[in-house]
$ cat query-v8.txt   # compact mmCIF, C-alpha atoms
# COMPACT_ATOMS: atom_id res chain seq x y z
CA MET A 1 -4.59 26.62 12.19
CA ARG A 2 -6.83 29.70 12.74
CA LEU A 3 -10.16 28.18 11.86
CA PRO A 4 -9.62 24.79 13.51
CA LEU A 5 -8.88 26.68 16.74
CA LEU A 6 -12.07 28.72 16.37
CA ALA A 7 -13.95 25.48 15.76
CA LEU A 8 -12.54 23.96 18.96
CA LEU A 9 -13.62 27.06 20.89
CA ALA A 10 -17.19 26.83 19.54
CA ARG A 11 -17.84 24.17 22.18
CA GLY A 12 -16.81 26.43 25.07
CA PRO A 13 -13.92 28.41 26.55
CA ALA A 14 -10.50 26.79 26.74
CA HIS A 15 -6.86 27.70 27.23
CA GLY A 16 -4.03 27.15 24.75
CA TYR A 17 -2.72 23.91 26.17
CA GLU A 18 -6.18 22.36 26.29
CA LEU A 19 -6.65 23.19 22.62
CA LYS A 20 -3.38 21.46 21.77
CA GLN A 21 -4.51 18.37 23.64
CA ASP A 22 -7.93 18.42 21.97
CA LEU A 23 -6.30 18.52 18.54
CA GLU A 24 -3.99 15.65 19.44
CA GLN A 25 -6.79 13.54 20.74
CA LEU A 26 -8.99 14.17 17.72
CA LEU A 27 -6.35 13.55 15.06
CA GLY A 28 -4.21 10.98 16.83
CA SER A 29 -0.69 10.15 15.74
CA ALA A 30 -1.63 10.86 12.13
CA TYR A 31 -1.31 14.54 12.72
CA PRO A 32 2.13 15.90 13.46
CA GLN A 33 2.09 17.19 17.02
CA PRO A 34 0.83 20.75 16.93
CA ASN A 35 3.43 23.14 18.21
CA VAL A 36 2.14 24.79 21.37
CA GLY A 37 4.04 28.00 20.58
CA GLN A 38 2.30 28.19 17.23
CA ILE A 39 -1.04 27.75 18.95
CA TYR A 40 -0.34 30.66 21.34
CA VAL A 41 0.77 32.89 18.48
CA THR A 42 -2.38 32.06 16.51
CA LEU A 43 -4.59 32.68 19.54
CA GLY A 44 -2.90 36.09 19.97
CA ARG A 45 -3.69 36.98 16.37
CA LEU A 46 -7.29 35.79 16.65
CA GLU A 47 -7.71 37.96 19.72
CA LYS A 48 -6.23 40.98 17.96
CA THR A 49 -8.72 40.61 15.10
CA GLY A 50 -11.60 40.33 17.57
CA LEU A 51 -12.62 36.77 16.75
CA ILE A 52 -11.88 35.53 20.29
CA GLU A 53 -11.41 37.15 23.68
CA GLY A 54 -9.02 36.05 26.40
CA GLU A 55 -9.45 36.32 30.15
CA ASP A 56 -6.66 35.90 32.65
CA VAL A 57 -7.36 33.26 35.23
CA ALA A 58 -5.19 33.23 38.33
CA GLN A 59 -3.53 29.94 39.30
CA SER A 60 -2.14 29.34 42.78
CA SER A 61 1.35 28.07 42.11
CA ARG A 62 1.79 28.95 38.45
CA PRO A 63 1.57 32.04 36.26
CA ASN A 64 -1.89 33.15 35.16
CA LYS A 65 -3.40 31.23 32.28
CA LYS A 66 -5.49 32.81 29.59
CA VAL A 67 -8.87 31.27 28.87
CA TYR A 68 -10.30 32.13 25.46
CA HIS A 69 -13.86 32.25 24.24
CA LEU A 70 -15.40 32.83 20.85
CA THR A 71 -16.87 36.32 20.12
CA ASP A 72 -19.92 36.90 17.92
CA ALA A 73 -17.56 37.90 15.12
CA GLY A 74 -15.64 34.65 15.66
CA ARG A 75 -18.80 32.59 15.46
CA GLU A 76 -19.71 34.41 12.25
CA ALA A 77 -16.26 33.70 10.76
CA LEU A 78 -16.68 30.04 11.65
CA ARG A 79 -20.12 29.92 10.07
CA ALA A 80 -18.71 31.45 6.88
CA TRP A 81 -15.94 28.82 6.93
CA TYR A 82 -18.49 26.05 6.97
CA GLU A 83 -20.46 27.62 4.15
CA GLU A 84 -17.48 27.71 1.81
CA THR A 85 -16.19 24.65 0.04
CA ALA A 86 -12.49 23.94 0.35
CA ASP A 87 -10.00 24.35 -2.52
CA GLU A 88 -8.96 21.38 -4.61
CA PRO A 89 -5.49 19.95 -4.06
CA ARG A 90 -2.86 21.47 -6.32
CA VAL A 91 -1.72 19.52 -9.34
CA ARG A 92 0.64 22.02 -10.89
CA ASP A 93 3.22 21.42 -8.23
CA GLU A 94 6.99 21.77 -8.17
CA PHE A 95 7.56 18.31 -9.58
CA PHE A 96 5.28 19.01 -12.52
CA MET A 97 7.20 22.16 -13.40
CA LYS A 98 10.51 20.28 -13.19
CA LEU A 99 9.18 17.56 -15.45
CA ALA A 100 7.66 19.94 -17.97
CA LEU A 101 10.82 22.04 -18.24
CA ALA A 102 13.40 19.23 -18.11
CA PRO A 103 13.91 18.78 -21.88
CA GLN A 104 14.71 22.46 -22.36
CA THR A 105 17.38 22.52 -19.69
CA GLY A 106 19.28 19.47 -20.85
CA LEU A 107 20.04 18.89 -17.17
CA ALA A 108 17.66 16.06 -16.33
CA ASP A 109 16.06 13.05 -17.95
CA GLN A 110 12.30 12.95 -17.61
CA ILE A 111 12.06 9.19 -17.00
CA ALA A 112 14.81 9.36 -14.37
CA LEU A 113 12.91 12.22 -12.68
CA ILE A 114 9.73 10.14 -12.63
CA ASN A 115 11.56 7.12 -11.19
CA THR A 116 13.13 9.18 -8.41
CA GLN A 117 9.85 10.84 -7.55
CA ARG A 118 8.08 7.48 -7.52
CA ARG A 119 10.59 6.09 -5.04
CA GLN A 120 9.90 8.98 -2.72
CA TYR A 121 6.12 8.62 -2.98
CA LEU A 122 6.38 4.87 -2.35
CA ASN A 123 8.51 5.44 0.72
CA THR A 124 6.02 7.97 2.04
CA MET A 125 3.23 5.52 1.28
CA ARG A 126 5.07 2.90 3.31
CA GLN A 127 5.39 5.28 6.23
CA LEU A 128 1.69 6.03 6.05
CA SER A 129 0.92 2.30 6.09
CA LYS A 130 3.05 1.90 9.18
CA LEU A 131 1.38 4.88 10.81
CA ALA A 132 -2.05 3.40 10.06
CA ALA A 133 -0.99 0.06 11.54
CA ALA A 134 0.26 1.75 14.71
CA GLU A 135 -2.74 4.05 15.19
CA ASP A 136 -5.50 3.21 17.62
CA ARG A 137 -8.09 1.25 15.62
CA ASP A 138 -10.96 3.15 17.19
CA ASN A 139 -9.76 6.59 16.17
CA ARG A 140 -11.79 6.89 13.00
CA ILE A 141 -10.90 10.50 12.30
CA SER A 142 -7.21 9.71 12.42
CA HIS A 143 -7.62 6.69 10.14
CA LEU A 144 -9.62 8.74 7.67
CA LEU A 145 -6.87 11.35 7.59
CA ILE A 146 -4.22 8.70 6.89
CA GLU A 147 -6.39 7.01 4.29
CA GLY A 148 -7.00 10.35 2.60
CA ALA A 149 -3.27 10.97 2.40
CA MET A 150 -2.75 7.48 0.97
CA LEU A 151 -5.43 7.91 -1.67
CA HIS A 152 -3.96 11.24 -2.74
CA LEU A 153 -0.55 9.65 -2.98
CA GLN A 154 -2.05 6.78 -4.94
CA ALA A 155 -3.47 9.30 -7.40
CA ASP A 156 -0.07 10.97 -7.70
CA LEU A 157 1.53 7.60 -8.39
CA ASP A 158 -1.10 6.80 -11.02
CA TRP A 159 -0.38 10.13 -12.60
CA LEU A 160 3.38 9.43 -12.63
CA GLU A 161 2.53 6.20 -14.41
CA ARG A 162 0.61 8.13 -17.07
CA CYS A 163 3.51 10.55 -17.49
CA GLN A 164 5.86 7.63 -17.95
CA GLU A 165 3.62 5.93 -20.50
CA GLU A 166 3.27 9.12 -22.54
CA LEU A 167 6.87 10.24 -22.35
CA GLU A 168 8.38 6.82 -23.05
CA GLU A 169 6.49 6.68 -26.31
CA LEU A 170 8.25 9.85 -27.43
CA GLU A 171 11.70 8.40 -26.79
CA MET B 1 23.36 -10.86 1.40
CA ARG B 2 21.50 -11.10 -1.83
CA ASP B 3 24.43 -12.57 -3.72
CA SER B 4 25.50 -15.06 -1.09
CA THR B 5 22.12 -16.82 -0.83
CA THR B 6 20.48 -19.00 -3.41
CA PRO B 7 17.49 -17.06 -4.72
CA VAL B 8 14.08 -18.62 -4.10
CA LEU B 9 13.34 -17.49 -7.62
CA ARG B 10 15.58 -16.42 -10.44
CA ALA B 11 14.65 -15.48 -13.98
CA GLU B 12 16.85 -14.55 -16.88
CA GLY B 13 15.99 -13.14 -20.27
CA LEU B 14 12.26 -13.90 -20.02
CA VAL B 15 10.31 -13.07 -23.15
CA LYS B 16 6.63 -13.66 -23.87
CA THR B 17 4.66 -12.44 -26.84
CA HIS B 18 0.92 -13.01 -27.13
CA HIS B 19 -0.28 -13.79 -30.64
CA GLY B 20 -3.95 -13.00 -30.80
CA GLU B 21 -5.98 -11.03 -33.25
CA GLY B 22 -4.20 -7.99 -34.64
CA ALA B 23 -0.59 -7.12 -33.91
CA PRO B 24 1.41 -9.38 -31.58
CA ALA B 25 1.49 -8.09 -27.99
CA HIS B 26 4.95 -8.03 -26.46
CA ALA B 27 3.91 -8.66 -22.87
CA VAL B 28 7.34 -9.48 -21.41
CA ARG B 29 10.41 -8.22 -23.21
CA GLY B 30 13.56 -9.46 -21.55
CA VAL B 31 13.20 -9.66 -17.78
CA ASP B 32 15.92 -10.62 -15.29
CA LEU B 33 14.86 -11.03 -11.70
CA ARG B 34 16.15 -12.46 -8.41
CA VAL B 35 14.06 -12.92 -5.30
CA THR B 36 16.01 -13.97 -2.21
CA PRO B 37 14.59 -15.85 0.79
CA GLY B 38 12.48 -13.65 3.04
CA GLU B 39 12.06 -10.86 0.52
CA PHE B 40 8.70 -9.19 -0.09
CA VAL B 41 8.74 -7.82 -3.63
CA ALA B 42 5.94 -5.92 -5.36
CA ILE B 43 5.70 -5.45 -9.11
CA THR B 44 3.61 -2.44 -10.07
CA GLY B 45 2.69 -0.87 -13.35
CA PRO B 46 -0.27 0.15 -15.47
CA SER B 47 -2.73 -2.47 -16.67
CA GLY B 48 -1.50 -4.02 -19.88
CA ALA B 49 2.15 -3.56 -18.90
CA GLY B 50 2.58 -7.32 -18.82
CA LYS B 51 2.99 -7.77 -15.08
CA SER B 52 0.35 -10.49 -14.79
CA THR B 53 1.92 -12.35 -17.70
CA LEU B 54 5.25 -12.14 -15.90
CA LEU B 55 3.72 -13.64 -12.76
CA HIS B 56 2.12 -16.41 -14.82
CA LEU B 57 5.51 -17.22 -16.32
CA LEU B 58 7.10 -17.32 -12.86
CA GLY B 59 4.41 -19.68 -11.58
CA GLY B 60 4.61 -21.95 -14.62
CA LEU B 61 1.05 -21.11 -15.67
CA GLN B 62 2.43 -20.00 -19.03
CA ARG B 63 5.69 -20.89 -20.78
CA PRO B 64 8.15 -18.18 -21.90
CA ASP B 65 9.17 -17.86 -25.56
CA ALA B 66 12.72 -17.35 -24.36
CA GLY B 67 14.62 -17.25 -21.09
CA SER B 68 14.82 -19.48 -18.05
CA ILE B 69 13.47 -19.71 -14.52
CA TRP B 70 15.19 -21.28 -11.50
CA LEU B 71 13.40 -22.34 -8.32
CA ASP B 72 15.77 -22.62 -5.35
CA GLY B 73 18.63 -22.79 -7.83
CA GLU B 74 17.01 -25.56 -9.89
CA CYS B 75 16.48 -24.83 -13.57
CA THR B 76 12.88 -25.41 -14.67
CA ASP B 77 13.60 -25.54 -18.41
CA GLY B 78 12.76 -29.23 -18.62
CA TYR B 79 9.56 -29.05 -16.53
CA ASN B 80 6.37 -30.26 -18.18
CA GLU B 81 2.79 -29.32 -17.14
CA ALA B 82 2.59 -32.06 -14.55
CA ARG B 83 5.87 -31.10 -12.94
CA TRP B 84 4.81 -27.45 -12.71
CA ALA B 85 1.54 -28.55 -11.13
CA VAL B 86 3.53 -30.40 -8.49
CA GLU B 87 5.70 -27.35 -7.85
CA ARG B 88 2.62 -25.19 -7.46
CA ARG B 89 1.63 -27.41 -4.57
CA ARG B 90 5.07 -27.79 -3.07
CA ARG B 91 7.23 -24.77 -3.72
CA ILE B 92 4.87 -22.06 -4.97
CA GLY B 93 1.56 -20.89 -3.51
CA ILE B 94 -0.56 -18.60 -5.69
CA VAL B 95 -3.44 -16.25 -4.92
CA PHE B 96 -5.44 -14.64 -7.71
CA GLN B 97 -7.61 -11.56 -8.11
CA PHE B 98 -10.81 -13.60 -8.34
CA PHE B 99 -9.87 -16.09 -5.61
CA ASN B 100 -10.41 -19.13 -7.90
CA LEU B 101 -11.84 -21.26 -5.10
CA VAL B 102 -13.59 -24.50 -6.01
CA SER B 103 -17.19 -23.33 -5.73
CA ASP B 104 -18.76 -26.69 -4.83
CA LEU B 105 -16.27 -27.51 -2.10
CA SER B 106 -16.55 -26.18 1.44
CA VAL B 107 -14.02 -23.72 2.82
CA ALA B 108 -12.36 -26.54 4.78
CA ASP B 109 -12.09 -28.79 1.71
CA ASN B 110 -10.74 -25.97 -0.45
CA VAL B 111 -7.89 -25.46 2.00
CA GLU B 112 -7.20 -29.15 2.69
CA LEU B 113 -7.28 -30.27 -0.94
CA PRO B 114 -3.78 -29.09 -1.95
CA ALA B 115 -2.35 -30.68 1.20
CA LEU B 116 -4.04 -34.01 0.44
CA LEU B 117 -2.90 -33.83 -3.19
CA ALA B 118 0.64 -33.27 -1.94
CA GLY B 119 0.43 -36.53 -0.01
CA VAL B 120 -0.10 -35.11 3.49
CA SER B 121 -2.16 -37.34 5.78
CA PRO B 122 -5.81 -36.28 6.26
CA LYS B 123 -5.13 -35.71 9.94
CA LYS B 124 -2.20 -33.38 9.27
CA ALA B 125 -4.08 -31.61 6.47
CA ARG B 126 -6.91 -30.95 8.86
CA ALA B 127 -4.60 -29.63 11.55
CA ALA B 128 -2.88 -27.31 9.06
CA ARG B 129 -6.25 -26.09 7.81
CA GLU B 130 -7.52 -25.41 11.33
CA GLU B 131 -4.41 -23.47 12.22
CA LEU B 132 -4.51 -21.32 9.09
CA LEU B 133 -8.22 -20.56 9.24
CA ALA B 134 -7.88 -19.50 12.88
CA GLU B 135 -4.92 -17.36 11.98
CA LEU B 136 -6.91 -15.69 9.20
CA GLY B 137 -9.96 -15.05 11.38
CA LEU B 138 -12.15 -17.59 9.59
CA GLU B 139 -13.11 -19.83 12.50
CA GLY B 140 -16.67 -21.00 12.17
CA LYS B 141 -16.60 -20.69 8.36
CA GLU B 142 -15.23 -24.20 7.72
CA ARG B 143 -18.51 -25.57 6.45
CA SER B 144 -19.48 -22.50 4.43
CA MET B 145 -19.39 -22.64 0.67
CA PRO B 146 -17.24 -19.98 -1.08
CA GLY B 147 -20.33 -18.30 -2.56
CA GLU B 148 -21.64 -17.58 0.93
CA LEU B 149 -18.58 -15.53 1.87
CA SER B 150 -17.68 -11.90 1.21
CA GLY B 151 -14.89 -11.14 -1.25
CA GLY B 152 -12.48 -10.40 1.58
CA GLU B 153 -13.28 -13.70 3.26
CA GLN B 154 -12.88 -15.64 0.03
CA GLN B 155 -9.48 -14.09 -0.50
CA ARG B 156 -8.46 -15.13 2.99
CA VAL B 157 -9.54 -18.70 2.21
CA ALA B 158 -7.49 -18.51 -0.99
CA LEU B 159 -4.52 -17.32 1.06
CA ALA B 160 -4.94 -20.26 3.44
CA ARG B 161 -5.10 -22.64 0.48
CA ALA B 162 -1.95 -21.12 -1.03
CA LEU B 163 -0.02 -21.45 2.22
CA VAL B 164 -1.25 -24.82 3.49
CA ASN B 165 1.83 -26.68 2.18
CA HIS B 166 4.23 -24.01 3.50
CA PRO B 167 5.61 -23.14 0.06
CA PRO B 168 8.88 -21.19 0.11
CA LEU B 169 7.37 -18.70 -2.36
CA LEU B 170 3.98 -17.01 -2.41
CA LEU B 171 2.88 -15.40 -5.68
CA ALA B 172 -0.03 -12.96 -5.49
CA ASP B 173 -1.69 -11.60 -8.62
CA GLU B 174 -3.73 -8.46 -7.83
CA PRO B 175 -4.95 -10.07 -4.58
CA ALA B 176 -6.97 -6.97 -3.67
CA GLY B 177 -8.08 -6.23 -7.23
CA SER B 178 -11.69 -7.13 -6.58
CA LEU B 179 -11.89 -6.01 -2.95
CA ASP B 180 -13.05 -2.74 -1.41
CA SER B 181 -10.81 -0.44 0.60
CA LYS B 182 -11.36 -2.36 3.81
CA GLY B 183 -10.65 -5.70 2.14
CA THR B 184 -7.50 -4.22 0.63
CA ARG B 185 -6.25 -3.15 4.06
CA GLU B 186 -6.97 -6.63 5.40
CA VAL B 187 -4.98 -8.31 2.61
CA MET B 188 -2.15 -5.84 3.21
CA ARG B 189 -2.09 -6.60 6.89
CA LEU B 190 -2.05 -10.37 6.32
CA LEU B 191 0.68 -10.30 3.67
CA ALA B 192 2.79 -8.12 5.96
CA ARG B 193 2.23 -10.52 8.83
CA PHE B 194 3.23 -13.63 6.87
CA HIS B 195 6.22 -11.76 5.52
CA GLN B 196 7.34 -10.86 9.05
CA ARG B 197 7.43 -14.55 9.81
CA GLY B 198 9.77 -15.14 6.92
CA GLN B 199 7.41 -15.88 4.02
CA THR B 200 8.93 -14.86 0.66
CA ILE B 201 6.31 -13.01 -1.36
CA LEU B 202 6.13 -11.75 -4.92
CA LEU B 203 3.12 -9.52 -5.42
CA VAL B 204 1.76 -8.05 -8.65
CA THR B 205 -0.51 -5.05 -8.16
CA HIS B 206 -1.50 -1.74 -9.67
CA ASP B 207 -2.39 -0.51 -6.17
CA ALA B 208 0.45 1.51 -4.69
CA ARG B 209 -0.99 1.17 -1.19
CA LEU B 210 -0.66 -2.58 -1.41
CA ALA B 211 2.78 -2.30 -3.05
CA SER B 212 4.02 -0.16 -0.17
CA ALA B 213 3.66 -3.14 2.16
CA ALA B 214 6.60 -4.71 0.26
CA ASP B 215 10.19 -3.84 0.97
CA ARG B 216 11.18 -3.79 -2.67
CA VAL B 217 9.10 -2.33 -5.49
CA ILE B 218 9.72 -3.05 -9.16
CA SER B 219 8.08 -0.71 -11.65
CA PHE B 220 7.05 -2.54 -14.77
CA PHE B 221 6.37 -0.69 -18.01
CA ASP B 222 5.75 -2.03 -21.44
CA GLY B 223 7.13 -5.48 -20.70
CA ARG B 224 10.30 -4.25 -19.04
CA ILE B 225 11.59 -3.39 -15.58
CA ALA B 226 11.77 0.41 -15.47
CA ASP B 227 12.91 0.74 -11.86
CA ASP B 228 13.77 -1.55 -8.97
CA ALA B 229 13.79 0.19 -5.59
CA GLU B 230 14.25 -0.91 -2.01
CA LEU B 231 11.80 0.90 0.26
CA ASP B 232 13.49 1.77 3.50
CA GLY B 233 10.47 3.37 5.09
CA GLY B 234 12.97 5.44 7.02
CA ALA B 235 13.15 9.18 7.43
CA PRO B 236 11.89 11.07 4.41
CA PRO B 237 14.64 12.69 2.38
CA ARG B 238 12.97 16.06 2.21
CA ARG B 239 11.70 18.75 4.46
CA THR B 240 8.01 17.89 4.34
CA GLY B 241 7.77 14.11 3.93
CA ILE B 242 5.04 12.43 5.83
CA SER B 243 4.09 15.37 8.03
CA GLY B 244 3.81 17.56 4.94
CA VAL B 245 1.41 15.05 3.44
CA LEU B 246 -0.78 15.09 6.51
CA GLU B 247 -0.56 18.75 7.33
CA LEU B 248 -3.72 20.81 7.45
CA LYS B 249 -3.13 24.02 5.56
CA ASP B 250 -4.49 27.23 6.98

$ encode --input "query-v8.txt" --output "structure tokens"
Amino acid sequence: MRLPLLALLARGPAHGYELKQDLEQLLGSAYPQPNVGQIYVTLGRLEKTGLIEGEDVAQSSRPNKKVYHLTDAGREALRAWYEETADEPRVRDEFFMKLALAPQTGLADQIALINTQRRQYLNTMRQLSKLAAAEDRDNRISHLLIEGAMLHLQADLDWLERCQEELEELE
Amino acid sequence: MRDSTTPVLRAEGLVKTHHGEGAPAHAVRGVDLRVTPGEFVAITGPSGAGKSTLLHLLGGLQRPDAGSIWLDGECTDGYNEARWAVERRRRIGIVFQFFNLVSDLSVADNVELPALLAGVSPKKARAAREELLAELGLEGKERSMPGELSGGEQQRVALARALVNHPPLLLADEPAGSLDSKGTREVMRLLARFHQRGQTILLVTHDARLASAADRVISFFDGRIADDAELDGGAPPRRTGISGVLELKD
């Protein structure tokens, strides 16, 4: 959450609740509602490390709100973020380790593991389809996020298929 | 429910072996299947698993070496080619990966033809065609020839043709197999819409996105059913589920 918040502040000063709303608007229903508490905690940390600075602004009938702006160090951190490429998704995940170790434990059948995992992926895929159908058609960013998740899941399902083909031959 | 209703489609002990060059290919190796009215079933599996052969058997496009198929409780064992052709107009609509439209007939004629062949009056065939093409967003394309349309549009025409006689069962063989991502989404949306209105659908696809539109997914491996799962689309069983999939990691 740190760098996305810095990126939102690159446009100009904002307070915590505004940042939450900006994120929601950008990512639509595809993105699980960011927790406002988490946003405040992250802003506190960013301030402590000198990447942003907060200023108290008095409000008439409510407690003061804190408006944050990016510091030079923050802008530099953001620039560095954009210069790096992001990590690849992880393939050696928990399921893979379960599958690889199953024969040694004698506790689980590999094909049964694959079938159970496939059911879960398919259910998640179905939820993503529903989410895509319900999302505002014009929110491209949100649709791209959902489509990305679906394509990753599709790759995982293809990979399960490969596992099944290989492991069934051994049986 | 499933046991108390007559299945739209039932198969028992289906076997099909292809004898070509080299070793015989055991495409379908003992398949039992029931599809009840209103169900949307997807069959997925790797290419070469035999799922297309299975669909061809179910649509009477190929004959099984062993086993039987029932349509609405009626055994098809004694059906000849001609009878299957009649059923493919009356009781079974089929869409294929490569659309299989008649290239020298207009869009309107492609859709009306199966209705006319089924003995529907030209006036009724035309009305049914107009309704379906409007429904599928193809107004204004009636006079176009298939070759003038995009892949996605051709598949929508094929869908209209398959549904023009209101068959109780729609079979779809990789209907998005030659479409791009956008065309795939469109096919998904349309199948889901017809299903919501009660259309029974059996879909064969290697595309899990398309399969997830169904409410039951059969995994097909090496000529056999490896798994048969109802998708509830309800709350994910685990901590992360859908939000975990979409989460941006810091």

$ residues_around --input "query-v8.txt" --residues "A:Trp159" --least-positions-apart "3" --cutoff "12 Å" --atoms "all atoms listed in the file" --output "PyMOL selection string"
(chain A and resi 91+95-96+114+117-118+121+152-156+162-166) or (chain B and resi 45-46+208)

$ closest_atom_pairs --input "query-v8.txt" --of "chain A" --to "chain B" --cutoff "6 Å" --atoms "only C-alpha atoms" --output "tab-separated table"
residue	atom	partner	partner_atom	distance
A:Met1	CA	B:Asp250	CA	5.2
A:Pro32	CA	B:Ser243	CA	5.8
A:Leu122	CA	B:Ser212	CA	6.0
A:Asn123	CA	B:Gly233	CA	5.2
A:Thr124	CA	B:Ile242	CA	5.9
A:Met125	CA	B:Ser212	CA	5.9
A:Arg126	CA	B:Ser212	CA	4.8
A:Gln127	CA	B:Gly233	CA	5.5
A:Gln154	CA	B:Ala208	CA	5.8

$ atom_distance --input "query-v8.txt" --atom1 "atom CA of A:Lys130" --atom2 "atom CA of A:Met150"
11.5 Å

$ residues_around --input "query-v8.txt" --residues "A:Asp56" --least-positions-apart "2" --cutoff "9 Å" --atoms "all atoms listed in the file" --output "VMD selection string"
chain A and resid 54 58 64 to 68

$ write_last_selection --input "query-v8.txt" --atoms "C-alpha atoms" --output "compact mmCIF listing (two decimals), in the frame of the given file"
# COMPACT_ATOMS: atom_id res chain seq x y z
CA GLY A 54 -9.02 36.05 26.40
CA ALA A 58 -5.19 33.23 38.33
CA ASN A 64 -1.89 33.15 35.16
CA LYS A 65 -3.40 31.23 32.28
CA LYS A 66 -5.49 32.81 29.59
CA VAL A 67 -8.87 31.27 28.87
CA TYR A 68 -10.30 32.13 25.46

$ closest_residue --input "query-v8.txt" --among "A:Ile52, A:Val36, A:Ile111, A:Ala30" --to "A:Leu78" --atoms "all atoms listed in the file"
A:Ile52

$ closest_residue --input "query-v8.txt" --among "B:Ala176, B:Ala42, B:Val187, B:Ala23" --to "B:Thr200" --atoms "all atoms listed in the file"
B:Ala42

$ residues_around --input "query-v8.txt" --residues "stretch 78-84 of chain B" --least-positions-apart "2" --cutoff "9 Å" --atoms "all atoms listed in the file" --output "PyMOL selection string"
chain B and resi 59-61+75-76+86-89

$ residues_around --input "query-v8.txt" --residues "A:Ala77" --least-positions-apart "2" --cutoff "12 Å" --atoms "all atoms listed in the file" --output "list in words"
Arg2, Leu3, Pro4, Leu5, Leu6, Ala7, Ala10, Leu46, Thr49, Gly50, Leu51, Ile52, Leu70, Thr71, Asp72, Ala73, Gly74, Arg75, Arg79, Ala80, Trp81, Tyr82, Glu83 and Glu84 of chain A

$ residues_around --input "query-v8.txt" --residues "stretch 7-22 of chain B" --least-positions-apart "6" --cutoff "8 Å" --atoms "all atoms listed in the file" --output "PDB file with C-alpha atoms, in the coordinates of the input"
ATOM      1  CA  VAL B  28       7.340  -9.480 -21.410  1.00  0.00           C
ATOM      2  CA  ARG B  29      10.410  -8.220 -23.210  1.00  0.00           C
ATOM      3  CA  GLY B  30      13.560  -9.460 -21.550  1.00  0.00           C
ATOM      4  CA  VAL B  31      13.200  -9.660 -17.780  1.00  0.00           C
ATOM      5  CA  ASP B  32      15.920 -10.620 -15.290  1.00  0.00           C
ATOM      6  CA  LEU B  33      14.860 -11.030 -11.700  1.00  0.00           C
ATOM      7  CA  ARG B  34      16.150 -12.460  -8.410  1.00  0.00           C
ATOM      8  CA  VAL B  35      14.060 -12.920  -5.300  1.00  0.00           C
ATOM      9  CA  THR B  36      16.010 -13.970  -2.210  1.00  0.00           C
ATOM     10  CA  PRO B  37      14.590 -15.850   0.790  1.00  0.00           C
ATOM     11  CA  THR B  53       1.920 -12.350 -17.700  1.00  0.00           C
ATOM     12  CA  LEU B  58       7.100 -17.320 -12.860  1.00  0.00           C
ATOM     13  CA  ARG B  63       5.690 -20.890 -20.780  1.00  0.00           C
ATOM     14  CA  PRO B  64       8.150 -18.180 -21.900  1.00  0.00           C
ATOM     15  CA  ASP B  65       9.170 -17.860 -25.560  1.00  0.00           C
ATOM     16  CA  ALA B  66      12.720 -17.350 -24.360  1.00  0.00           C
ATOM     17  CA  GLY B  67      14.620 -17.250 -21.090  1.00  0.00           C
ATOM     18  CA  SER B  68      14.820 -19.480 -18.050  1.00  0.00           C
ATOM     19  CA  ILE B  69      13.470 -19.710 -14.520  1.00  0.00           C
ATOM     20  CA  TRP B  70      15.190 -21.280 -11.500  1.00  0.00           C
ATOM     21  CA  LEU B  71      13.400 -22.340  -8.320  1.00  0.00           C
ATOM     22  CA  ASP B  72      15.770 -22.620  -5.350  1.00  0.00           C
ATOM     23  CA  GLY B  73      18.630 -22.790  -7.830  1.00  0.00           C
ATOM     24  CA  PRO B 168       8.880 -21.190   0.110  1.00  0.00           C
ATOM     25  CA  LEU B 169       7.370 -18.700  -2.360  1.00  0.00           C
ATOM     26  CA  THR B 200       8.930 -14.860   0.660  1.00  0.00           C
TER      27      THR B 200
END

$ closest_residue --input "query-v8.txt" --among "B:Ala118, B:Ile225, B:Leu170, B:Leu179" --to "B:His195" --atoms "all atoms listed in the file"
B:Leu170

$ atom_distance --input "query-v8.txt" --atom1 "atom CA of B:Arg143" --atom2 "atom CA of B:Ala108"
6.4 Å

$ atom_distance --input "query-v8.txt" --atom1 "atom CA of B:Lys182" --atom2 "atom CA of B:Gly151"
10.7 Å

$ closest_residue --input "query-v8.txt" --among "B:Ile218, B:His166, B:Leu133, B:Arg224" --to "B:Phe40" --atoms "only C-alpha atoms"
B:Ile218
